[in-house]
>>> print(open('input_34.cif').read())   # mmCIF, C-alpha atoms
data_upload
loop_
_atom_site.group_PDB
_atom_site.id
_atom_site.type_symbol
_atom_site.label_atom_id
_atom_site.label_comp_id
_atom_site.auth_asym_id
_atom_site.auth_seq_id
_atom_site.Cartn_x
_atom_site.Cartn_y
_atom_site.Cartn_z
ATOM 1 C CA GLY A 1 -5.055 9.637 -17.794
ATOM 2 C CA PRO A 2 -5.643 12.558 -15.453
ATOM 3 C CA LEU A 3 -2.617 14.480 -16.778
ATOM 4 C CA TRP A 4 -3.763 14.344 -20.415
ATOM 5 C CA SER A 5 -4.404 17.560 -22.310
ATOM 6 C CA ALA A 6 -6.486 17.890 -25.459
ATOM 7 C CA ASP A 7 -5.349 19.136 -28.851
ATOM 8 C CA ALA A 8 -1.677 18.181 -28.810
ATOM 9 C CA PRO A 9 -0.070 18.918 -32.198
ATOM 10 C CA LEU A 10 -0.806 16.267 -34.830
ATOM 11 C CA ALA A 11 2.031 14.769 -36.898
ATOM 12 C CA LYS A 12 1.952 12.275 -39.768
ATOM 13 C CA GLY A 13 3.939 9.089 -39.155
ATOM 14 C CA GLU A 14 6.564 10.534 -36.848
ATOM 15 C CA ALA A 15 7.171 13.373 -34.411
ATOM 16 C CA ARG A 16 9.522 14.886 -31.894
ATOM 17 C CA LEU A 17 7.866 15.244 -28.474
ATOM 18 C CA ASP A 18 10.430 17.196 -26.459
ATOM 19 C CA ASP A 19 11.073 20.894 -27.015
ATOM 20 C CA GLY A 20 14.860 20.437 -26.702
ATOM 21 C CA THR A 21 15.254 22.526 -23.544
ATOM 22 C CA GLU A 22 15.815 19.677 -21.094
ATOM 23 C CA GLN A 23 18.872 17.450 -20.961
ATOM 24 C CA GLY A 24 17.882 13.803 -20.722
ATOM 25 C CA GLU A 25 18.550 10.461 -22.322
ATOM 26 C CA VAL A 26 17.262 10.654 -25.896
ATOM 27 C CA ARG A 27 14.717 7.958 -26.702
ATOM 28 C CA PHE A 28 13.433 6.794 -30.065
ATOM 29 C CA MET A 29 10.223 4.772 -29.965
ATOM 30 C CA GLU A 30 8.453 3.058 -32.829
ATOM 31 C CA GLY A 31 5.929 0.365 -33.526
ATOM 32 C CA GLN A 32 2.795 -0.564 -35.371
ATOM 33 C CA VAL A 33 -0.948 -0.423 -34.763
ATOM 34 C CA ARG A 34 -2.714 -3.605 -35.861
ATOM 35 C CA ASP A 35 -6.153 -5.112 -35.502
ATOM 36 C CA THR A 36 -6.873 -8.445 -33.791
ATOM 37 C CA ASP A 37 -6.226 -10.262 -37.089
ATOM 38 C CA GLY A 38 -2.760 -8.704 -37.324
ATOM 39 C CA LYS A 39 -3.649 -6.306 -40.153
ATOM 40 C CA PRO A 40 -2.099 -2.811 -39.997
ATOM 41 C CA VAL A 41 -4.422 0.052 -39.070
ATOM 42 C CA ALA A 42 -3.499 3.008 -41.272
ATOM 43 C CA GLY A 43 -4.594 6.446 -40.093
ATOM 44 C CA ALA A 44 -4.898 5.517 -36.420
ATOM 45 C CA VAL A 45 -4.084 8.432 -34.123
ATOM 46 C CA ILE A 46 -1.784 7.787 -31.179
ATOM 47 C CA ASP A 47 -2.047 10.446 -28.482
ATOM 48 C CA VAL A 48 1.177 10.165 -26.437
ATOM 49 C CA TRP A 49 2.295 12.096 -23.356
ATOM 50 C CA HIS A 50 4.764 11.643 -20.529
ATOM 51 C CA ALA A 51 6.576 13.390 -17.692
ATOM 52 C CA ASN A 52 9.920 15.120 -17.985
ATOM 53 C CA THR A 53 13.101 14.059 -16.161
ATOM 54 C CA LYS A 54 11.792 15.653 -12.947
ATOM 55 C CA GLY A 55 8.424 13.884 -13.080
ATOM 56 C CA GLY A 56 6.449 16.937 -14.230
ATOM 57 C CA TYR A 57 3.907 17.212 -17.042
ATOM 58 C CA SER A 58 3.453 20.213 -19.331
ATOM 59 C CA PHE A 59 0.266 22.200 -18.585
ATOM 60 C CA PHE A 60 0.648 21.153 -14.921
ATOM 61 C CA ASP A 61 4.308 22.196 -14.556
ATOM 62 C CA PRO A 62 4.690 25.899 -15.402
ATOM 63 C CA SER A 63 8.410 25.483 -16.139
ATOM 64 C CA GLN A 64 7.607 23.530 -19.335
ATOM 65 C CA SER A 65 6.467 24.863 -22.700
ATOM 66 C CA LYS A 66 2.943 24.224 -23.952
ATOM 67 C CA TYR A 67 2.588 20.672 -25.349
ATOM 68 C CA ASN A 68 6.123 19.674 -24.308
ATOM 69 C CA LEU A 69 6.329 15.856 -24.322
ATOM 70 C CA ARG A 70 2.852 15.589 -25.917
ATOM 71 C CA ARG A 71 1.904 14.787 -29.499
ATOM 72 C CA ARG A 72 -0.686 13.022 -31.594
ATOM 73 C CA ILE A 73 0.806 10.853 -34.331
ATOM 74 C CA GLU A 74 -1.203 9.502 -37.256
ATOM 75 C CA THR A 75 0.027 6.082 -38.384
ATOM 76 C CA ASP A 76 1.263 5.625 -41.947
ATOM 77 C CA ALA A 77 -0.141 3.240 -44.583
ATOM 78 C CA GLU A 78 1.432 0.258 -42.741
ATOM 79 C CA GLY A 79 0.072 1.365 -39.362
ATOM 80 C CA ARG A 80 3.542 2.461 -38.229
ATOM 81 C CA TYR A 81 4.479 5.312 -35.940
ATOM 82 C CA ARG A 82 7.758 6.644 -34.552
ATOM 83 C CA PHE A 83 8.844 9.451 -32.310
ATOM 84 C CA ARG A 84 11.821 11.007 -30.605
ATOM 85 C CA SER A 85 11.715 12.240 -27.028
ATOM 86 C CA ILE A 86 13.593 11.846 -23.750
ATOM 87 C CA LEU A 87 13.196 9.089 -21.200
ATOM 88 C CA PRO A 88 10.790 10.246 -18.492
ATOM 89 C CA ALA A 89 11.313 9.958 -14.756
ATOM 90 C CA GLY A 90 8.955 8.411 -12.264
ATOM 91 C CA TYR A 91 7.375 10.652 -9.696
ATOM 92 C CA ALA A 92 5.557 10.643 -6.368
ATOM 93 C CA CYS A 93 2.419 12.180 -4.929
ATOM 94 C CA PRO A 94 3.002 15.574 -3.318
ATOM 95 C CA PRO A 95 4.417 14.657 0.114
ATOM 96 C CA ASP A 96 2.107 17.060 1.969
ATOM 97 C CA GLY A 97 -1.037 16.257 -0.048
ATOM 98 C CA VAL A 98 -4.158 14.372 0.933
ATOM 99 C CA THR A 99 -3.362 11.445 -1.375
ATOM 100 C CA GLN A 100 -0.044 10.843 0.379
ATOM 101 C CA GLU A 101 -1.774 11.251 3.745
ATOM 102 C CA LEU A 102 -4.189 8.467 2.776
ATOM 103 C CA LEU A 103 -1.355 6.264 1.496
ATOM 104 C CA ASP A 104 0.639 6.872 4.709
ATOM 105 C CA ALA A 105 -2.380 5.726 6.733
ATOM 106 C CA ARG A 106 -2.402 2.521 4.666
ATOM 107 C CA GLY A 107 1.355 2.019 5.064
ATOM 108 C CA ARG A 108 1.977 2.596 1.339
ATOM 109 C CA HIS A 109 4.372 4.816 -0.582
ATOM 110 C CA GLY A 110 3.138 7.179 -3.297
ATOM 111 C CA HIS A 111 5.667 6.477 -6.063
ATOM 112 C CA ARG A 112 4.978 5.775 -9.730
ATOM 113 C CA PRO A 113 7.602 4.227 -12.000
ATOM 114 C CA ALA A 114 8.612 6.067 -15.161
ATOM 115 C CA HIS A 115 5.893 5.525 -17.759
ATOM 116 C CA ILE A 116 4.453 6.799 -21.027
ATOM 117 C CA HIS A 117 0.698 7.248 -21.628
ATOM 118 C CA PHE A 118 -1.209 6.478 -24.829
ATOM 119 C CA PHE A 119 -4.694 6.833 -26.287
ATOM 120 C CA VAL A 120 -5.042 5.070 -29.646
ATOM 121 C CA VAL A 121 -8.101 5.743 -31.818
ATOM 122 C CA ALA A 122 -9.209 4.794 -35.330
ATOM 123 C CA PRO A 123 -12.604 4.772 -37.055
ATOM 124 C CA GLY A 124 -14.351 1.438 -36.537
ATOM 125 C CA TYR A 125 -12.205 0.472 -33.531
ATOM 126 C CA ARG A 126 -12.581 0.788 -29.786
ATOM 127 C CA LYS A 127 -10.432 3.475 -28.153
ATOM 128 C CA LEU A 128 -7.386 2.024 -26.419
ATOM 129 C CA THR A 129 -6.150 3.670 -23.227
ATOM 130 C CA THR A 130 -2.851 2.291 -21.957
ATOM 131 C CA GLN A 131 0.654 3.051 -20.790
ATOM 132 C CA ILE A 132 4.052 1.400 -20.929
ATOM 133 C CA ASN A 133 6.462 1.345 -18.016
ATOM 134 C CA ILE A 134 10.184 1.946 -18.362
ATOM 135 C CA ASP A 135 12.179 -1.166 -17.533
ATOM 136 C CA GLY A 136 14.770 -0.732 -14.799
ATOM 137 C CA ASP A 137 12.819 1.831 -12.751
ATOM 138 C CA GLU A 138 13.114 1.330 -8.979
ATOM 139 C CA TYR A 139 9.305 1.214 -8.590
ATOM 140 C CA LEU A 140 8.582 -0.833 -11.724
ATOM 141 C CA HIS A 141 6.886 -3.660 -9.824
ATOM 142 C CA ASP A 142 5.809 -1.529 -6.855
ATOM 143 C CA ASP A 143 3.608 1.130 -8.489
ATOM 144 C CA PHE A 144 1.217 2.656 -5.965
ATOM 145 C CA ALA A 145 -1.367 2.869 -8.784
ATOM 146 C CA PHE A 146 -0.980 -0.883 -9.543
ATOM 147 C CA ALA A 147 -0.531 -0.107 -13.271
ATOM 148 C CA THR A 148 2.400 -2.420 -14.062
ATOM 149 C CA ARG A 149 1.708 -5.406 -16.328
ATOM 150 C CA ASP A 150 4.453 -7.594 -17.777
ATOM 151 C CA GLY A 151 3.135 -7.054 -21.320
ATOM 152 C CA LEU A 152 3.477 -3.291 -20.814
ATOM 153 C CA ILE A 153 7.206 -3.349 -20.032
ATOM 154 C CA PRO A 154 9.015 -3.257 -23.377
ATOM 155 C CA GLU A 155 12.746 -3.735 -23.611
ATOM 156 C CA VAL A 156 14.731 -0.503 -23.460
ATOM 157 C CA ARG A 157 17.733 -0.995 -25.752
ATOM 158 C CA ARG A 158 20.733 1.250 -25.030
ATOM 159 C CA ILE A 159 22.589 2.149 -28.251
ATOM 160 C CA GLU A 160 26.241 3.071 -27.730
ATOM 161 C CA ASP A 161 27.718 2.284 -31.165
ATOM 162 C CA ALA A 162 29.358 5.546 -32.322
ATOM 163 C CA GLU A 163 28.247 5.141 -35.944
ATOM 164 C CA LYS A 164 24.603 4.562 -34.959
ATOM 165 C CA VAL A 165 24.746 7.500 -32.537
ATOM 166 C CA ARG A 166 26.082 9.804 -35.283
ATOM 167 C CA SER A 167 23.478 8.507 -37.764
ATOM 168 C CA LYS A 168 20.779 9.859 -35.423
ATOM 169 C CA GLY A 169 22.502 13.260 -35.290
ATOM 170 C CA LEU A 170 23.530 12.730 -31.667
ATOM 171 C CA ASN A 171 26.765 12.963 -29.686
ATOM 172 C CA ALA A 172 25.824 10.554 -26.880
ATOM 173 C CA PRO A 173 24.252 7.094 -26.533
ATOM 174 C CA TYR A 174 20.481 6.860 -26.788
ATOM 175 C CA ALA A 175 17.642 4.460 -25.979
ATOM 176 C CA GLU A 176 15.297 2.616 -28.336
ATOM 177 C CA ILE A 177 11.891 1.115 -27.570
ATOM 178 C CA THR A 178 9.648 -0.862 -29.912
ATOM 179 C CA PHE A 179 6.002 -1.328 -28.932
ATOM 180 C CA ASP A 180 2.992 -2.406 -30.983
ATOM 181 C CA PHE A 181 -0.665 -1.676 -30.209
ATOM 182 C CA MET A 182 -3.661 -3.931 -30.960
ATOM 183 C CA LEU A 183 -7.084 -2.423 -31.584
ATOM 184 C CA HIS A 184 -10.362 -4.291 -31.238
ATOM 185 C CA ALA A 185 -13.198 -3.644 -33.671
ATOM 186 C CA GLU A 186 -16.016 -1.458 -32.392
ATOM 187 C CA ALA A 187 -18.936 -3.502 -31.045
ATOM 188 C CA ALA A 188 -22.449 -2.056 -31.094
ATOM 189 C CA ALA A 189 -23.445 -3.567 -27.733
ATOM 190 C CA ALA A 190 -20.204 -2.701 -25.905
ATOM 191 C CA PRO A 191 -20.364 -0.027 -23.201
ATOM 192 C CA ASN A 192 -18.681 3.326 -23.810
#
>>> encode(input="input_34.cif", output="structure tokens")
Amino acid sequence: GPLWSADAPLAKGEARLDDGTEQGEVRFMEGQVRDTDGKPVAGAVIDVWHANTKGGYSFFDPSQSKYNLRRRIETDAEGRYRFRSILPAGYACPPDGVTQELLDARGRHGHRPAHIHFFVVAPGYRKLTTQINIDGDEYLHDDFAFATRDGLIPEVRRIEDAEKVRSKGLNAPYAEITFDFMLHAEAAAAPN
């Protein structure tokens, strides 16, 4: 992704992505990295990044701290990962920019739905570059970048049960997302 930044902090198994300065709906996300035979991939590194609730990315939005909403997470022995963050917002091209000017000429809007980016790497496997889109976003099926795929729209579960909320150390409902990644073995003849 063009808004990626190298060297995000590396965590083992789980991480917190947000720096705690922005109020937003807390989100817990977890899943597993497996190979095409369904076997867990231990030690895979998931590079994850997303926008804040205003659609801005750290390093590109000077109001955010360095590496806010960015981490690398190494999967555990069962290929599992988990992280806490906030739900991102969608965003649009700058209204006075050349990209929006081009889209206007084509009769198109410049909106992206809320989404979360991922690179997933592991020795012996091809690098996976993907994103998930947040279900319920106004532009979910009308992304100007044409990046929405049904398999990349996981269910967003809203948790309101007071006991579950307290067990997470929270005072308000939160969201949960589960999403698994599949890695393909490296192939000598495949293009980079």
>>> residues_around(input="input_34.cif", residues="Val120 of chain A", least_positions_apart="3", cutoff="10 Å", atoms="only C-alpha atoms", output="list in words")
Val33, Ala44, Val45, Ile46, Asp47, Val48, Arg72, Ile73, Glu74, Tyr125, Arg126, Lys127, Leu128, Thr129, Thr130, Phe181, Met182 and Leu183 of chain A
>>> closest_residue(input="input_34.cif", among="A:Asn68, A:Thr53, A:Ser167, A:Thr75", to="Lys12 of chain A", atoms="only C-alpha atoms")
A:Thr75
>>> resolve_selection(input="input_34.cif", expression="the PyMOL selection byres ((chain A and resi 76) around 8)", output="PyMOL selection string")
chain A and resi 12-13+42-43+74-75+77-81
>>> resolve_selection(input="input_34.cif", expression="the PyMOL selection byres ((chain A and resi 133-144) around 10)", output="number ranges by chain")
A: 87-93, 103, 108-117, 131-132, 145-157, 177
>>> closest_residue(input="input_34.cif", among="A:Gln100, A:Trp4, A:Gly169, A:Asp180", to="Tyr57 of chain A", atoms="all atoms listed in the file")
A:Trp4
>>> atom_distance(input="input_34.cif", atom1="atom CA of Ala51 of chain A", atom2="atom CA of Asp18 of chain A")
10.3 Å
>>> atom_distance(input="input_34.cif", atom1="atom CA of Pro191 of chain A", atom2="atom CA of Asp35 of chain A")
19.5 Å
>>> build_atoms(input="input_34.cif", residues="segment 99-110 of chain A", atoms="all heavy atoms", output="PDB file, in the frame of the given file")
ATOM      1  N   THR A  99      -3.564  12.807  -0.851  1.00  0.00           N
ATOM      2  CA  THR A  99      -3.362  11.445  -1.375  1.00  0.00           C
ATOM      3  C   THR A  99      -2.250  10.752  -0.606  1.00  0.00           C
ATOM      4  O   THR A  99      -2.395   9.590  -0.199  1.00  0.00           O
ATOM      5  CB  THR A  99      -3.036  11.478  -2.879  1.00  0.00           C
ATOM      6  OG1 THR A  99      -4.103  12.131  -3.567  1.00  0.00           O
ATOM      7  CG2 THR A  99      -2.854  10.079  -3.431  1.00  0.00           C
ATOM      8  N   GLN A 100      -1.140  11.452  -0.381  1.00  0.00           N
ATOM      9  CA  GLN A 100      -0.044  10.843   0.379  1.00  0.00           C
ATOM     10  C   GLN A 100      -0.461  10.585   1.815  1.00  0.00           C
ATOM     11  O   GLN A 100      -0.063   9.592   2.419  1.00  0.00           O
ATOM     12  CB  GLN A 100       1.212  11.705   0.324  1.00  0.00           C
ATOM     13  CG  GLN A 100       2.431  11.003   0.914  1.00  0.00           C
ATOM     14  CD  GLN A 100       2.738   9.674   0.212  1.00  0.00           C
ATOM     15  OE1 GLN A 100       2.924   9.637  -0.988  1.00  0.00           O
ATOM     16  NE2 GLN A 100       2.785   8.586   0.970  1.00  0.00           N
ATOM     17  N   GLU A 101      -1.272  11.459   2.382  1.00  0.00           N
ATOM     18  CA  GLU A 101      -1.774  11.251   3.745  1.00  0.00           C
ATOM     19  C   GLU A 101      -2.567   9.945   3.819  1.00  0.00           C
ATOM     20  O   GLU A 101      -2.395   9.152   4.754  1.00  0.00           O
ATOM     21  CB  GLU A 101      -2.653  12.436   4.145  1.00  0.00           C
ATOM     22  CG  GLU A 101      -3.167  12.372   5.565  1.00  0.00           C
ATOM     23  CD  GLU A 101      -4.028  13.582   5.921  1.00  0.00           C
ATOM     24  OE1 GLU A 101      -3.834  14.662   5.332  1.00  0.00           O
ATOM     25  OE2 GLU A 101      -4.900  13.419   6.788  1.00  0.00           O
ATOM     26  N   LEU A 102      -3.419   9.717   2.830  1.00  0.00           N
ATOM     27  CA  LEU A 102      -4.189   8.467   2.776  1.00  0.00           C
ATOM     28  C   LEU A 102      -3.260   7.266   2.609  1.00  0.00           C
ATOM     29  O   LEU A 102      -3.417   6.250   3.300  1.00  0.00           O
ATOM     30  CB  LEU A 102      -5.201   8.524   1.636  1.00  0.00           C
ATOM     31  CG  LEU A 102      -5.986   7.235   1.374  1.00  0.00           C
ATOM     32  CD1 LEU A 102      -6.880   6.896   2.560  1.00  0.00           C
ATOM     33  CD2 LEU A 102      -6.802   7.366   0.098  1.00  0.00           C
ATOM     34  N   LEU A 103      -2.291   7.371   1.703  1.00  0.00           N
ATOM     35  CA  LEU A 103      -1.355   6.264   1.496  1.00  0.00           C
ATOM     36  C   LEU A 103      -0.530   6.000   2.756  1.00  0.00           C
ATOM     37  O   LEU A 103      -0.283   4.835   3.098  1.00  0.00           O
ATOM     38  CB  LEU A 103      -0.446   6.561   0.299  1.00  0.00           C
ATOM     39  CG  LEU A 103      -1.133   6.520  -1.070  1.00  0.00           C
ATOM     40  CD1 LEU A 103      -0.229   7.116  -2.137  1.00  0.00           C
ATOM     41  CD2 LEU A 103      -1.547   5.113  -1.436  1.00  0.00           C
ATOM     42  N   ASP A 104      -0.094   7.052   3.446  1.00  0.00           N
ATOM     43  CA  ASP A 104       0.639   6.872   4.709  1.00  0.00           C
ATOM     44  C   ASP A 104      -0.196   6.096   5.719  1.00  0.00           C
ATOM     45  O   ASP A 104       0.310   5.199   6.405  1.00  0.00           O
ATOM     46  CB  ASP A 104       1.039   8.228   5.309  1.00  0.00           C
ATOM     47  CG  ASP A 104       2.158   8.917   4.539  1.00  0.00           C
ATOM     48  OD1 ASP A 104       2.849   8.244   3.740  1.00  0.00           O
ATOM     49  OD2 ASP A 104       2.320  10.133   4.740  1.00  0.00           O
ATOM     50  N   ALA A 105      -1.490   6.417   5.793  1.00  0.00           N
ATOM     51  CA  ALA A 105      -2.380   5.726   6.733  1.00  0.00           C
ATOM     52  C   ALA A 105      -2.509   4.243   6.393  1.00  0.00           C
ATOM     53  O   ALA A 105      -2.743   3.419   7.274  1.00  0.00           O
ATOM     54  CB  ALA A 105      -3.752   6.395   6.739  1.00  0.00           C
ATOM     55  N   ARG A 106      -2.321   3.927   5.113  1.00  0.00           N
ATOM     56  CA  ARG A 106      -2.402   2.521   4.666  1.00  0.00           C
ATOM     57  C   ARG A 106      -1.035   1.844   4.673  1.00  0.00           C
ATOM     58  O   ARG A 106      -0.912   0.692   4.284  1.00  0.00           O
ATOM     59  CB  ARG A 106      -2.987   2.459   3.250  1.00  0.00           C
ATOM     60  CG  ARG A 106      -4.330   3.103   3.082  1.00  0.00           C
ATOM     61  CD  ARG A 106      -5.518   2.249   3.352  1.00  0.00           C
ATOM     62  NE  ARG A 106      -5.441   1.008   2.621  1.00  0.00           N
ATOM     63  CZ  ARG A 106      -5.910  -0.136   3.111  1.00  0.00           C
ATOM     64  NH1 ARG A 106      -6.462  -0.177   4.284  1.00  0.00           N
ATOM     65  NH2 ARG A 106      -5.827  -1.231   2.418  1.00  0.00           N
ATOM     66  N   GLY A 107       0.014   2.591   5.052  1.00  0.00           N
ATOM     67  CA  GLY A 107       1.355   2.019   5.064  1.00  0.00           C
ATOM     68  C   GLY A 107       1.945   1.853   3.672  1.00  0.00           C
ATOM     69  O   GLY A 107       2.770   0.965   3.447  1.00  0.00           O
ATOM     70  N   ARG A 108       1.518   2.706   2.729  1.00  0.00           N
ATOM     71  CA  ARG A 108       1.977   2.596   1.339  1.00  0.00           C
ATOM     72  C   ARG A 108       2.752   3.844   0.931  1.00  0.00           C
ATOM     73  O   ARG A 108       2.485   4.934   1.412  1.00  0.00           O
ATOM     74  CB  ARG A 108       0.775   2.454   0.388  1.00  0.00           C
ATOM     75  CG  ARG A 108      -0.099   1.269   0.653  1.00  0.00           C
ATOM     76  CD  ARG A 108      -0.119   0.185  -0.382  1.00  0.00           C
ATOM     77  NE  ARG A 108      -0.072   0.606  -1.755  1.00  0.00           N
ATOM     78  CZ  ARG A 108       0.884   0.201  -2.601  1.00  0.00           C
ATOM     79  NH1 ARG A 108       1.831  -0.602  -2.185  1.00  0.00           N
ATOM     80  NH2 ARG A 108       0.883   0.584  -3.846  1.00  0.00           N
ATOM     81  N   HIS A 109       3.671   3.668   0.004  1.00  0.00           N
ATOM     82  CA  HIS A 109       4.372   4.816  -0.582  1.00  0.00           C
ATOM     83  C   HIS A 109       3.506   5.385  -1.706  1.00  0.00           C
ATOM     84  O   HIS A 109       2.518   4.775  -2.108  1.00  0.00           O
ATOM     85  CB  HIS A 109       5.752   4.406  -1.104  1.00  0.00           C
ATOM     86  CG  HIS A 109       5.687   3.455  -2.256  1.00  0.00           C
ATOM     87  ND1 HIS A 109       5.353   3.860  -3.535  1.00  0.00           N
ATOM     88  CD2 HIS A 109       5.888   2.115  -2.335  1.00  0.00           C
ATOM     89  CE1 HIS A 109       5.368   2.811  -4.347  1.00  0.00           C
ATOM     90  NE2 HIS A 109       5.679   1.738  -3.640  1.00  0.00           N
ATOM     91  N   GLY A 110       3.893   6.532  -2.223  1.00  0.00           N
ATOM     92  CA  GLY A 110       3.138   7.179  -3.297  1.00  0.00           C
ATOM     93  C   GLY A 110       3.919   7.326  -4.575  1.00  0.00           C
ATOM     94  O   GLY A 110       3.715   8.284  -5.317  1.00  0.00           O
TER      95      GLY A 110
END
